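Shown here: structure.cif, mmCIF, C-alpha atoms.
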data_query
loop_
_atom_site.group_PDB
_atom_site.id
_atom_site.type_symbol
_atom_site.label_atom_id
_atom_site.label_comp_id
_atom_site.auth_asym_id
_atom_site.auth_seq_id
_atom_site.Cartn_x
_atom_site.Cartn_y
_atom_site.Cartn_z
ATOM 1 C CA GLN A 128 0.000 0.000 0.000
ATOM 2 C CA LEU A 129 2.905 2.341 0.725
ATOM 3 C CA SER A 130 4.378 1.602 -2.701
ATOM 4 C CA VAL A 131 1.047 2.397 -4.343
ATOM 5 C CA LEU A 132 0.846 5.757 -2.573
ATOM 6 C CA LYS A 133 4.405 6.659 -3.522
ATOM 7 C CA ALA A 134 3.692 5.859 -7.157
ATOM 8 C CA LEU A 135 0.571 8.007 -7.004
ATOM 9 C CA ALA A 136 2.561 10.837 -5.450
ATOM 10 C CA GLU A 137 5.025 10.785 -8.345
ATOM 11 C CA SER A 138 2.131 10.874 -10.786
ATOM 12 C CA VAL A 139 0.480 13.787 -8.983
ATOM 13 C CA ARG A 140 3.761 15.741 -8.909
ATOM 14 C CA GLY A 141 3.883 15.413 -12.676
ATOM 15 C CA ARG A 142 0.358 16.717 -12.886
ATOM 16 C CA VAL A 143 1.187 19.652 -10.623
ATOM 17 C CA GLU A 144 3.823 20.769 -13.098
ATOM 18 C CA VAL A 145 1.236 20.972 -15.857
ATOM 19 C CA GLY A 146 -1.498 22.425 -13.658
ATOM 20 C CA GLY A 147 -3.512 19.223 -13.445
ATOM 21 C CA ALA A 148 -3.226 18.987 -9.644
ATOM 22 C CA SER A 149 -2.536 21.256 -6.687
ATOM 23 C CA LEU A 150 0.074 21.319 -3.965
ATOM 24 C CA ALA A 151 -2.708 20.432 -1.507
ATOM 25 C CA ASP A 152 -3.109 17.126 -3.335
ATOM 26 C CA ILE A 153 0.580 16.422 -2.878
ATOM 27 C CA GLY A 154 0.303 17.396 0.781
ATOM 28 C CA GLN A 155 -2.523 14.941 1.442
ATOM 29 C CA LEU A 156 -0.567 12.119 -0.172
ATOM 30 C CA GLU A 157 2.609 12.906 1.739
ATOM 31 C CA ILE A 158 0.703 12.967 5.050
ATOM 32 C CA ARG A 159 -0.744 9.548 4.295
ATOM 33 C CA ILE A 160 2.674 8.231 3.257
ATOM 34 C CA SER A 161 4.295 9.510 6.473
ATOM 35 C CA ARG A 162 1.595 7.881 8.582
ATOM 36 C CA LEU A 163 2.034 4.550 6.829
ATOM 37 C CA GLU A 164 5.822 4.675 7.227
ATOM 38 C CA ASP A 165 5.430 5.384 10.945
ATOM 39 C CA ALA A 166 2.890 2.560 11.303
ATOM 40 C CA LEU A 167 5.271 0.142 9.579
ATOM 41 C CA GLN A 168 8.114 1.082 11.915
ATOM 42 C CA GLY A 169 5.839 0.561 14.915
ATOM 43 C CA LEU A 170 4.804 -2.851 13.604
ATOM 44 C CA ASP A 171 8.444 -3.845 13.140
ATOM 45 C CA GLU A 172 9.171 -3.000 16.784
ATOM 46 C CA ALA A 173 6.062 -4.847 17.945
ATOM 47 C CA ALA A 174 7.074 -7.894 15.899
ATOM 48 C CA THR A 175 10.522 -7.892 17.505
ATOM 49 C CA GLY A 176 8.986 -7.933 20.975
ATOM 50 C CA LEU A 177 6.532 -10.689 20.057
ATOM 51 C CA ASP A 178 9.352 -12.776 18.575
ATOM 52 C CA ALA A 179 11.201 -12.508 21.887
ATOM 53 C CA ASP A 180 8.065 -13.539 23.807
ATOM 54 C CA LEU A 181 7.556 -16.556 21.546
ATOM 55 C CA VAL A 182 11.169 -17.676 21.882
ATOM 56 C CA ALA A 183 10.905 -17.400 25.673
ATOM 57 C CA ALA A 184 7.588 -19.267 25.714
ATOM 58 C CA ILE A 185 9.018 -22.306 23.928
ATOM 59 C CA GLY A 186 12.237 -22.254 25.974
ATOM 60 C CA ALA A 187 14.538 -21.559 23.014
ATOM 61 C CA PRO A 188 17.891 -19.805 23.514
ATOM 62 C CA VAL A 189 17.936 -16.015 23.504
ATOM 63 C CA GLY A 190 18.330 -14.719 19.969
ATOM 64 C CA ALA A 191 16.832 -17.811 18.331
ATOM 65 C CA VAL A 192 14.619 -17.275 15.306
ATOM 66 C CA ALA A 193 10.938 -17.535 16.172
ATOM 67 C CA PRO A 194 9.315 -20.537 14.437
ATOM 68 C CA VAL A 195 6.562 -18.750 12.546
ATOM 69 C CA ARG A 196 5.027 -19.464 9.176
ATOM 70 C CA SER A 197 5.628 -17.084 6.326
ATOM 71 C CA HIS A 198 1.980 -17.419 5.249
ATOM 72 C CA ALA A 199 -1.227 -17.873 7.171
ATOM 73 C CA PRO A 200 -2.617 -21.424 7.092
ATOM 74 C CA GLU A 201 -5.585 -22.062 4.856
ATOM 75 C CA PRO A 202 -8.831 -21.662 6.842
ATOM 76 C CA ALA A 203 -10.625 -24.924 7.578
ATOM 77 C CA LEU A 204 -13.280 -26.428 9.796
ATOM 78 C CA PRO A 205 -12.928 -29.526 12.004
ATOM 79 C CA GLN A 206 -14.052 -32.900 10.710
ATOM 80 C CA LEU A 207 -15.883 -33.741 13.940
ATOM 81 C CA SER A 208 -19.048 -32.026 15.074
ATOM 82 C CA THR A 209 -19.105 -29.750 18.097
ATOM 83 C CA ALA A 210 -20.926 -32.432 20.103
ATOM 84 C CA ASP A 211 -18.245 -35.014 19.300
ATOM 85 C CA LEU A 212 -15.497 -32.549 20.239
ATOM 86 C CA GLN A 213 -17.261 -31.825 23.515
ATOM 87 C CA ALA A 214 -17.375 -35.554 24.239
ATOM 88 C CA LEU A 215 -13.616 -35.711 23.675
ATOM 89 C CA SER A 216 -13.063 -32.729 25.976
ATOM 90 C CA ALA A 217 -14.680 -34.719 28.811
ATOM 91 C CA GLU A 218 -11.729 -37.128 28.567
ATOM 92 C CA HIS A 219 -9.166 -34.354 29.011
ATOM 93 C CA PRO A 220 -6.769 -35.068 31.926
ATOM 94 C CA ARG A 221 -7.662 -31.777 33.574
ATOM 95 C CA VAL A 222 -11.256 -33.108 33.742
ATOM 96 C CA THR A 223 -10.663 -36.778 34.539
ATOM 97 C CA ARG A 224 -8.253 -35.945 37.362
ATOM 98 C CA PHE A 225 -11.253 -35.002 39.509
ATOM 99 C CA ALA A 226 -12.679 -38.509 39.010
ATOM 100 C CA ALA A 227 -9.395 -40.031 40.177
ATOM 101 C CA MET A 228 -9.296 -37.704 43.183
ATOM 102 C CA ALA A 229 -12.896 -38.590 44.061
ATOM 103 C CA ALA A 230 -12.111 -42.306 43.832
ATOM 104 C CA ASN A 231 -9.170 -41.800 46.180
ATOM 105 C CA ASP A 232 -11.379 -39.997 48.707
ATOM 106 C CA GLU A 233 -13.973 -42.782 48.482
ATOM 107 C CA ALA A 234 -11.235 -45.337 49.161
ATOM 108 C CA ARG A 235 -10.206 -43.342 52.237
ATOM 109 C CA ALA A 236 -13.809 -43.359 53.430
ATOM 110 C CA HIS A 237 -14.058 -47.110 52.945
ATOM 111 C CA ALA A 238 -10.832 -47.648 54.900
ATOM 112 C CA ALA A 239 -12.108 -45.494 57.744
ATOM 113 C CA THR A 240 -15.361 -47.479 57.767
ATOM 114 C CA THR A 241 -13.419 -50.716 57.985
ATOM 115 C CA ARG A 242 -11.272 -49.483 60.862
ATOM 116 C CA ARG A 243 -14.225 -48.461 63.034
ATOM 117 C CA HIS A 244 -15.756 -51.957 63.031
ATOM 118 C CA PRO A 245 -14.507 -54.947 65.057
ATOM 119 C CA SER A 246 -12.535 -57.551 63.131
ATOM 120 C CA VAL A 247 -11.566 -61.159 63.706
ATOM 121 C CA GLY A 248 -8.345 -62.619 62.398
ATOM 122 C CA LEU A 249 -7.162 -66.204 61.992
ATOM 123 C CA ALA A 250 -3.506 -67.167 61.579
ATOM 124 C CA PHE A 251 -1.562 -70.413 61.331
ATOM 125 C CA ASP A 252 2.156 -71.072 61.691
ATOM 126 C CA TRP A 253 4.310 -74.154 61.835
ATOM 127 C CA ILE A 254 7.821 -75.151 62.825
ATOM 128 C CA GLU A 255 9.793 -77.748 60.929
ATOM 129 C CA THR A 256 11.343 -79.970 63.616
ATOM 130 C CA GLY A 257 12.938 -82.553 61.351
ATOM 131 C CA ASP A 258 13.891 -86.070 62.323
ATOM 132 C CA SER A 259 15.603 -86.779 65.640
ATOM 133 C CA ALA A 260 18.095 -89.449 66.672
ATOM 134 C CA MET A 261 16.404 -89.665 70.061
ATOM 135 C CA PRO A 262 13.448 -92.033 70.300
ATOM 136 C CA THR A 263 10.984 -89.318 71.409
ATOM 137 C CA PRO A 264 7.214 -89.308 70.967
ATOM 138 C CA ASP A 265 5.948 -87.664 67.709
ATOM 139 C CA ARG A 266 9.477 -87.659 66.342
ATOM 140 C CA GLY A 267 9.655 -85.950 62.909
ATOM 141 C CA LYS A 268 6.285 -84.247 63.199
ATOM 142 C CA ASP A 269 6.199 -80.477 62.594
ATOM 143 C CA ALA A 270 4.697 -78.222 65.223
ATOM 144 C CA VAL A 271 1.547 -76.347 64.107
ATOM 145 C CA ILE A 272 0.388 -73.185 65.880
ATOM 146 C CA GLY A 273 -3.057 -71.634 65.459
ATOM 147 C CA MET A 274 -3.986 -68.061 66.481
ATOM 148 C CA VAL A 275 -7.247 -66.163 66.728
ATOM 149 C CA THR A 276 -7.199 -62.337 67.078
ATOM 150 C CA LEU A 277 -10.030 -59.971 67.868
ATOM 151 C CA THR A 278 -9.623 -56.243 67.146
ATOM 152 C CA ALA A 279 -11.987 -53.801 68.799
ATOM 153 C CA PRO A 280 -11.721 -50.113 67.746
ATOM 154 C CA ILE A 281 -11.264 -47.681 70.591
ATOM 155 C CA TRP A 282 -11.375 -44.369 68.740
ATOM 156 C CA TRP A 283 -14.727 -45.036 67.043
ATOM 157 C CA ASP A 284 -15.720 -41.369 66.869
ATOM 158 C CA ASP A 285 -12.429 -40.414 65.203
ATOM 159 C CA TYR A 286 -12.885 -43.057 62.517
ATOM 160 C CA ALA A 287 -16.459 -41.927 61.937
ATOM 161 C CA ALA A 288 -15.335 -38.307 61.542
ATOM 162 C CA GLU A 289 -12.585 -39.378 59.140
ATOM 163 C CA GLU A 290 -15.117 -41.313 57.077
ATOM 164 C CA GLN A 291 -17.499 -38.358 56.907
ATOM 165 C CA ALA A 292 -14.704 -35.988 55.918
ATOM 166 C CA ALA A 293 -13.495 -38.343 53.183
ATOM 167 C CA ARG A 294 -17.011 -38.751 51.784
ATOM 168 C CA ALA A 295 -17.493 -34.983 51.830
ATOM 169 C CA ASP A 296 -14.219 -34.572 49.927
ATOM 170 C CA ALA A 297 -15.380 -37.185 47.412
ATOM 171 C CA ARG A 298 -18.681 -35.345 46.853
ATOM 172 C CA SER A 299 -16.750 -32.113 46.368
ATOM 173 C CA LYS A 300 -14.503 -33.746 43.768
ATOM 174 C CA ARG A 301 -17.519 -35.213 41.960
ATOM 175 C CA ALA A 302 -19.059 -31.733 41.830
ATOM 176 C CA SER A 303 -15.770 -30.343 40.523
ATOM 177 C CA LEU A 304 -15.781 -33.095 37.883
ATOM 178 C CA VAL A 305 -19.206 -32.028 36.644
ATOM 179 C CA ALA A 306 -18.146 -28.362 36.639
ATOM 180 C CA ALA A 307 -14.930 -29.163 34.764
ATOM 181 C CA ARG A 308 -16.879 -31.083 32.121
ATOM 182 C CA ASP A 309 -19.291 -28.185 31.699
ATOM 183 C CA MET A 310 -16.438 -25.667 31.424
ATOM 184 C CA ALA A 311 -14.607 -27.818 28.876
ATOM 185 C CA ALA A 312 -17.787 -28.217 26.811
ATOM 186 C CA ALA A 313 -18.389 -24.456 26.933
ATOM 187 C CA GLU A 314 -14.789 -23.772 25.889
ATOM 188 C CA VAL A 315 -15.191 -26.128 22.925
ATOM 189 C CA ALA A 316 -18.445 -24.426 21.934
ATOM 190 C CA ARG A 317 -16.878 -20.953 22.099
ATOM 191 C CA ALA A 318 -13.778 -21.991 20.165
ATOM 192 C CA ALA A 319 -15.870 -23.770 17.516
ATOM 193 C CA ALA A 320 -18.112 -20.707 17.133
ATOM 194 C CA ASP A 321 -15.081 -18.406 16.786
ATOM 195 C CA LEU A 322 -13.599 -20.851 14.285
ATOM 196 C CA ARG A 323 -16.717 -20.791 12.112
ATOM 197 C CA ASP A 324 -17.020 -17.005 12.378
ATOM 198 C CA SER A 325 -13.388 -16.346 11.403
ATOM 199 C CA HIS A 326 -13.674 -18.933 8.609
ATOM 200 C CA ARG A 327 -16.657 -17.033 7.229
ATOM 201 C CA GLN A 328 -14.915 -13.660 7.562
ATOM 202 C CA ILE A 329 -11.787 -14.858 5.763
ATOM 203 C CA HIS A 330 -13.726 -16.105 2.762
ATOM 204 C CA LEU A 331 -15.946 -13.012 2.655
ATOM 205 C CA VAL A 332 -13.094 -10.493 2.863
ATOM 206 C CA ARG A 333 -10.648 -12.368 0.643
ATOM 207 C CA GLU A 334 -13.025 -13.507 -2.081
ATOM 208 C CA THR A 335 -15.615 -10.727 -2.159
ATOM 209 C CA LEU A 336 -14.775 -7.505 -0.329
ATOM 210 C CA ILE A 337 -11.121 -7.074 -1.330
ATOM 211 C CA PRO A 338 -11.793 -7.712 -5.074
ATOM 212 C CA GLN A 339 -14.666 -5.229 -4.889
ATOM 213 C CA ALA A 340 -12.514 -2.620 -3.148
ATOM 214 C CA LEU A 341 -9.731 -3.099 -5.696
ATOM 215 C CA GLY A 342 -12.250 -2.638 -8.483
ATOM 216 C CA VAL A 343 -13.487 0.597 -6.920
ATOM 217 C CA PHE A 344 -9.914 1.817 -6.401
ATOM 218 C CA ASP A 345 -8.960 1.143 -10.021
ATOM 219 C CA SER A 346 -12.090 2.945 -11.162
ATOM 220 C CA VAL A 347 -11.328 5.991 -8.989
ATOM 221 C CA VAL A 348 -7.736 6.041 -10.278
ATOM 222 C CA GLY A 349 -9.089 6.157 -13.824
ATOM 223 C CA GLU A 350 -11.486 8.953 -12.867
ATOM 224 C CA PHE A 351 -8.654 10.845 -11.179
ATOM 225 C CA VAL A 352 -6.429 10.566 -14.225
ATOM 226 C CA ALA A 353 -9.297 11.880 -16.337
ATOM 227 C CA GLY A 354 -9.778 14.777 -13.929
ATOM 228 C CA ARG A 355 -13.202 13.653 -12.738
ATOM 229 C CA ALA A 356 -12.211 12.551 -9.200
ATOM 230 C CA SER A 357 -10.472 14.330 -6.354
ATOM 231 C CA ILE A 358 -7.439 13.209 -4.407
ATOM 232 C CA ALA A 359 -9.678 12.797 -1.345
ATOM 233 C CA GLU A 360 -11.831 10.259 -3.210
ATOM 234 C CA LEU A 361 -8.678 8.480 -4.329
ATOM 235 C CA LEU A 362 -7.315 8.267 -0.769
ATOM 236 C CA LEU A 363 -10.681 7.076 0.529
ATOM 237 C CA ALA A 364 -10.776 4.240 -1.990
ATOM 238 C CA HIS A 365 -7.180 3.372 -1.167
ATOM 239 C CA ARG A 366 -7.934 3.330 2.569
ATOM 240 C CA ASP A 367 -10.764 0.859 1.996
ATOM 241 C CA VAL A 368 -8.342 -1.526 0.265
ATOM 242 C CA LEU A 369 -5.811 -1.170 3.069
ATOM 243 C CA GLU A 370 -8.339 -1.668 5.870
ATOM 244 C CA LEU A 371 -9.807 -4.754 4.218
ATOM 245 C CA ASN A 372 -6.351 -6.316 3.871
ATOM 246 C CA VAL A 373 -5.671 -5.628 7.544
ATOM 247 C CA GLN A 374 -9.097 -7.063 8.401
ATOM 248 C CA LEU A 375 -8.177 -10.218 6.480
ATOM 249 C CA ILE A 376 -4.964 -10.615 8.488
ATOM 250 C CA HIS A 377 -6.846 -10.150 11.769
ATOM 251 C CA ALA A 378 -9.406 -12.754 10.696
ATOM 252 C CA GLN A 379 -6.616 -15.208 9.801
ATOM 253 C CA ALA A 380 -4.977 -14.655 13.190
ATOM 254 C CA ALA A 381 -8.309 -15.075 14.984
ATOM 255 C CA HIS A 382 -8.871 -18.315 13.064
ATOM 256 C CA ALA A 383 -5.478 -19.692 14.097
ATOM 257 C CA ARG A 384 -6.054 -18.736 17.746
ATOM 258 C CA ALA A 385 -9.517 -20.308 17.737
ATOM 259 C CA TRP A 386 -8.078 -23.539 16.333
ATOM 260 C CA THR A 387 -5.417 -23.575 19.056
ATOM 261 C CA ARG A 388 -8.019 -22.976 21.765
ATOM 262 C CA LEU A 389 -10.141 -25.781 20.357
ATOM 263 C CA GLU A 390 -7.261 -28.259 20.469
ATOM 264 C CA HIS A 391 -6.389 -27.098 23.975
ATOM 265 C CA ALA A 392 -9.957 -27.724 25.124
ATOM 266 C CA VAL A 393 -10.114 -31.140 23.462
ATOM 267 C CA GLY A 394 -6.641 -32.130 24.618
ATOM 268 C CA ARG A 395 -5.506 -33.605 21.306
ATOM 269 C CA PRO A 396 -4.930 -32.529 17.664
ATOM 270 C CA VAL A 397 -8.125 -31.827 15.744
ATOM 271 C CA ALA A 398 -8.328 -33.027 12.139
ATOM 272 C CA ALA A 399 -9.549 -30.506 9.569
ATOM 273 C CA GLN A 400 -11.976 -31.035 6.756
ATOM 274 C CA GLU A 401 -10.463 -31.436 3.323
ATOM 275 C CA THR A 402 -10.455 -28.170 1.376
ATOM 276 C CA ARG A 403 -12.323 -28.110 -1.902
#
Now, as a test, write the supplied structure out as structure tokens.
Amino acid sequence: QLSVLKALAESVRGRVEVGGASLADIGQLEIRISRLEDALQGLDEAATGLDADLVAAIGAPVGAVAPVRSHAPEPALPQLSTADLQALSAEHPRVTRFAAMAANDEARAHAATTRRHPSVGLAFDWIETGDSAMPTPDRGKDAVIGMVTLTAPIWWDDYAAEEQAARADARSKRASLVAARDMAAAEVARAAADLRDSHRQIHLVRETLIPQALGVFDSVVGEFVAGRASIAELLLAHRDVLELNVQLIHAQAAHARAWTRLEHAVGRPVAAQETR
């Protein structure tokens, strides 16, 4: 866009020399050119900072080149439906961990229940005596010992309190499990909606709005050359082209972020539909 404006400025300067344009026209173009140059410098600085953040986020050495694509990925939609993706999100470790924690609390409660009830134990032991040179009774027979134990809990109230606390913890974890499933399903729904919306925007801007804006800009350039359009109309048409291109880039970035959020919510890579 900056190159286009500079080319237009050269053309207008030629027209000024023959009285076909005014110095005000040149001034408007130069103001727009200066603003674009400043915006580009600001974007370069912002990109440098973001590169450093990305390198730090992936743990790469300082000064490493950020692993970014030179072109935005082609927009796509997931093969699976939103309901299927939500079902997968329920199997995410950050969700299922609450089930494991609840099972552990329930095991604690069961152990406490067992300890607060009397128990009877039976045990057997034997001693190998071996053969003896002495002519004694029962020579060579092994000794067998039987034992019966009875355990009576003393701290019954403590075991009961421990059981109640463990069951309360288990109920809390089960509630957290339900909440985590709901949050994961909502995150999938939001990411899928953003994915569809950005997919629609990309196709609309790239295939319809930008070609239309370019057509209008070319038409205004022709009118300007013929002396039937002002420099203000030319700059307005040019601004529409620029803003639509920036809108396309934002939509592509939003699409990539939505896809990342979707995979984060599901907990695994998400296959895309084949492009046609």
Distance criterion (all atoms listed in the file): nearest to Ala364 in chain A out of A:Ile337, A:Ala385, A:Val143, A:Leu304: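 So, comparing all the options, the nearest one is A:Ile337.
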Residue neighbourhood Leu322 in chain A, 10 Å, only C-alpha atoms, exclusion window fewer than 2 positions, as a PDB file with C-alpha atoms, in the coordinates of the input:
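Just written: around-v4.pdb:
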ATOM      1  CA  PRO A 202      -8.831 -21.662   6.842  1.00  0.00           C
ATOM      2  CA  ALA A 203     -10.625 -24.924   7.578  1.00  0.00           C
ATOM      3  CA  LEU A 204     -13.280 -26.428   9.796  1.00  0.00           C
ATOM      4  CA  PRO A 205     -12.928 -29.526  12.004  1.00  0.00           C
ATOM      5  CA  ALA A 316     -18.445 -24.426  21.934  1.00  0.00           C
ATOM      6  CA  ARG A 317     -16.878 -20.953  22.099  1.00  0.00           C
ATOM      7  CA  ALA A 318     -13.778 -21.991  20.165  1.00  0.00           C
ATOM      8  CA  ALA A 319     -15.870 -23.770  17.516  1.00  0.00           C
ATOM      9  CA  ALA A 320     -18.112 -20.707  17.133  1.00  0.00           C
ATOM     10  CA  ASP A 324     -17.020 -17.005  12.378  1.00  0.00           C
ATOM     11  CA  SER A 325     -13.388 -16.346  11.403  1.00  0.00           C
ATOM     12  CA  HIS A 326     -13.674 -18.933   8.609  1.00  0.00           C
ATOM     13  CA  ARG A 327     -16.657 -17.033   7.229  1.00  0.00           C
ATOM     14  CA  GLN A 328     -14.915 -13.660   7.562  1.00  0.00           C
ATOM     15  CA  ALA A 378      -9.406 -12.754  10.696  1.00  0.00           C
ATOM     16  CA  ALA A 381      -8.309 -15.075  14.984  1.00  0.00           C
ATOM     17  CA  HIS A 382      -8.871 -18.315  13.064  1.00  0.00           C
ATOM     18  CA  ALA A 383      -5.478 -19.692  14.097  1.00  0.00           C
ATOM     19  CA  ARG A 384      -6.054 -18.736  17.746  1.00  0.00           C
ATOM     20  CA  ALA A 385      -9.517 -20.308  17.737  1.00  0.00           C
ATOM     21  CA  TRP A 386      -8.078 -23.539  16.333  1.00  0.00           C
ATOM     22  CA  THR A 387      -5.417 -23.575  19.056  1.00  0.00           C
ATOM     23  CA  ARG A 388      -8.019 -22.976  21.765  1.00  0.00           C
ATOM     24  CA  LEU A 389     -10.141 -25.781  20.357  1.00  0.00           C
TER      25      LEU A 389
END
Residue with smallest distance to Thr175 in chain A - pool A:Leu163, A:Gly190, A:Ile158, A:Val275, counting all atoms listed in the file: A:Gly190
List the residues selected by the PyMOL selection byres ((chain A and resi 301) around 12) in the file shown, writing them as a tab-separated table (two decimals) with C-alpha atoms, keeping the file's coordinate frame.
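Result file is expr_15.tsv:
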chain	number	residue	atom	x	y	z
A	222	VAL	CA	-11.26	-33.11	33.74
A	223	THR	CA	-10.66	-36.78	34.54
A	224	ARG	CA	-8.25	-35.94	37.36
A	225	PHE	CA	-11.25	-35.00	39.51
A	226	ALA	CA	-12.68	-38.51	39.01
A	227	ALA	CA	-9.40	-40.03	40.18
A	228	MET	CA	-9.30	-37.70	43.18
A	229	ALA	CA	-12.90	-38.59	44.06
A	230	ALA	CA	-12.11	-42.31	43.83
A	231	ASN	CA	-9.17	-41.80	46.18
A	232	ASP	CA	-11.38	-40.00	48.71
A	233	GLU	CA	-13.97	-42.78	48.48
A	294	ARG	CA	-17.01	-38.75	51.78
A	295	ALA	CA	-17.49	-34.98	51.83
A	296	ASP	CA	-14.22	-34.57	49.93
A	297	ALA	CA	-15.38	-37.18	47.41
A	298	ARG	CA	-18.68	-35.34	46.85
A	299	SER	CA	-16.75	-32.11	46.37
A	300	LYS	CA	-14.50	-33.75	43.77
A	302	ALA	CA	-19.06	-31.73	41.83
A	303	SER	CA	-15.77	-30.34	40.52
A	304	LEU	CA	-15.78	-33.10	37.88
A	305	VAL	CA	-19.21	-32.03	36.64
A	306	ALA	CA	-18.15	-28.36	36.64
A	307	ALA	CA	-14.93	-29.16	34.76
A	308	ARG	CA	-16.88	-31.08	32.12
Between CA of Arg355 in chain A and CA of Glu164 in chain A - distance in Å to one decimal: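 Between CA of Glu164 in chain A and CA of Arg355 in chain A the gap is 29.0 Å.
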Quick one: residues within 10 Å of Glu390 in chain A, only C-alpha atoms counted, chain neighbours fewer than 5 positions away excluded, as an mmCIF file with C-alpha atoms, in the coordinates of the input?
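Result file part.cif:
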data_model
loop_
_atom_site.group_PDB
_atom_site.id
_atom_site.type_symbol
_atom_site.label_atom_id
_atom_site.label_comp_id
_atom_site.auth_asym_id
_atom_site.auth_seq_id
_atom_site.Cartn_x
_atom_site.Cartn_y
_atom_site.Cartn_z
ATOM 1 C CA LEU A 212 -15.497 -32.549 20.239
ATOM 2 C CA SER A 216 -13.063 -32.729 25.976
ATOM 3 C CA VAL A 315 -15.191 -26.128 22.925
ATOM 4 C CA ALA A 318 -13.778 -21.991 20.165
ATOM 5 C CA ARG A 384 -6.054 -18.736 17.746
ATOM 6 C CA ALA A 385 -9.517 -20.308 17.737
ATOM 7 C CA ARG A 395 -5.506 -33.605 21.306
ATOM 8 C CA PRO A 396 -4.930 -32.529 17.664
ATOM 9 C CA VAL A 397 -8.125 -31.827 15.744
ATOM 10 C CA ALA A 398 -8.328 -33.027 12.139
#
Near range 138-140 of chain A, counting all atoms listed in the file, which residues have an atom at most 12 Å away, once you skip same-chain residues fewer than 4 positions from it, shown as an mmCIF file with C-alpha atoms, in the frame of the given file?
data_model
loop_
_atom_site.group_PDB
_atom_site.id
_atom_site.type_symbol
_atom_site.label_atom_id
_atom_site.label_comp_id
_atom_site.auth_asym_id
_atom_site.auth_seq_id
_atom_site.Cartn_x
_atom_site.Cartn_y
_atom_site.Cartn_z
ATOM 1 C CA VAL A 131 1.047 2.397 -4.343
ATOM 2 C CA LEU A 132 0.846 5.757 -2.573
ATOM 3 C CA LYS A 133 4.405 6.659 -3.522
ATOM 4 C CA ALA A 134 3.692 5.859 -7.157
ATOM 5 C CA GLU A 144 3.823 20.769 -13.098
ATOM 6 C CA VAL A 145 1.236 20.972 -15.857
ATOM 7 C CA GLY A 146 -1.498 22.425 -13.658
ATOM 8 C CA GLY A 147 -3.512 19.223 -13.445
ATOM 9 C CA ALA A 148 -3.226 18.987 -9.644
ATOM 10 C CA SER A 149 -2.536 21.256 -6.687
ATOM 11 C CA LEU A 150 0.074 21.319 -3.965
ATOM 12 C CA ALA A 151 -2.708 20.432 -1.507
ATOM 13 C CA ASP A 152 -3.109 17.126 -3.335
ATOM 14 C CA ILE A 153 0.580 16.422 -2.878
ATOM 15 C CA GLY A 154 0.303 17.396 0.781
ATOM 16 C CA GLN A 155 -2.523 14.941 1.442
ATOM 17 C CA LEU A 156 -0.567 12.119 -0.172
ATOM 18 C CA GLU A 157 2.609 12.906 1.739
ATOM 19 C CA VAL A 348 -7.736 6.041 -10.278
ATOM 20 C CA PHE A 351 -8.654 10.845 -11.179
ATOM 21 C CA VAL A 352 -6.429 10.566 -14.225
ATOM 22 C CA GLY A 354 -9.778 14.777 -13.929
ATOM 23 C CA SER A 357 -10.472 14.330 -6.354
ATOM 24 C CA ILE A 358 -7.439 13.209 -4.407
ATOM 25 C CA LEU A 361 -8.678 8.480 -4.329
#
Cut-off 12 Å around (-12.3, -2.3, -4.4) with all atoms listed in the file: residues as a PyMOL selection string: chain A and resi 332-348+361+363-372
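Pairwise distance (CA of Leu167 in chain A, CA of Ile376 in chain A) equals 14.9 Å.
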Point-to-point distance from CA of Pro188 in chain A to CA of Gly394 in chain A, Å rounded to tenths: 27.5 Å
I need the output of the PyMOL selection byres ((chain A and resi 272) around 6) for this file as a short mmCIF file (atom, residue, chain, number, x, y, z; two decimals) with C-alpha atoms, in the coordinates of the input; which residues are they?
data_model
loop_
_atom_site.label_atom_id
_atom_site.label_comp_id
_atom_site.auth_asym_id
_atom_site.auth_seq_id
_atom_site.Cartn_x
_atom_site.Cartn_y
_atom_site.Cartn_z
CA PHE A 251 -1.56 -70.41 61.33
CA ASP A 252 2.16 -71.07 61.69
CA TRP A 253 4.31 -74.15 61.84
CA VAL A 271 1.55 -76.35 64.11
CA GLY A 273 -3.06 -71.63 65.46
#
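Among A:Ala184, A:Val393, A:Ala399, A:Leu207, the residue with the shortest atom-to-atom distance to Met310 in chain A, counting only C-alpha atoms, is A:Val393.
Taken over the whole file, the PyMOL selection byres ((chain A and resi 195) around 12) covers exactly Ala174, Leu177, Asp178, Leu181, Val182, Ala191, Val192, Ala193, Pro194, Arg196, Ser197, His198, Ala199 and Pro200 of chain A.
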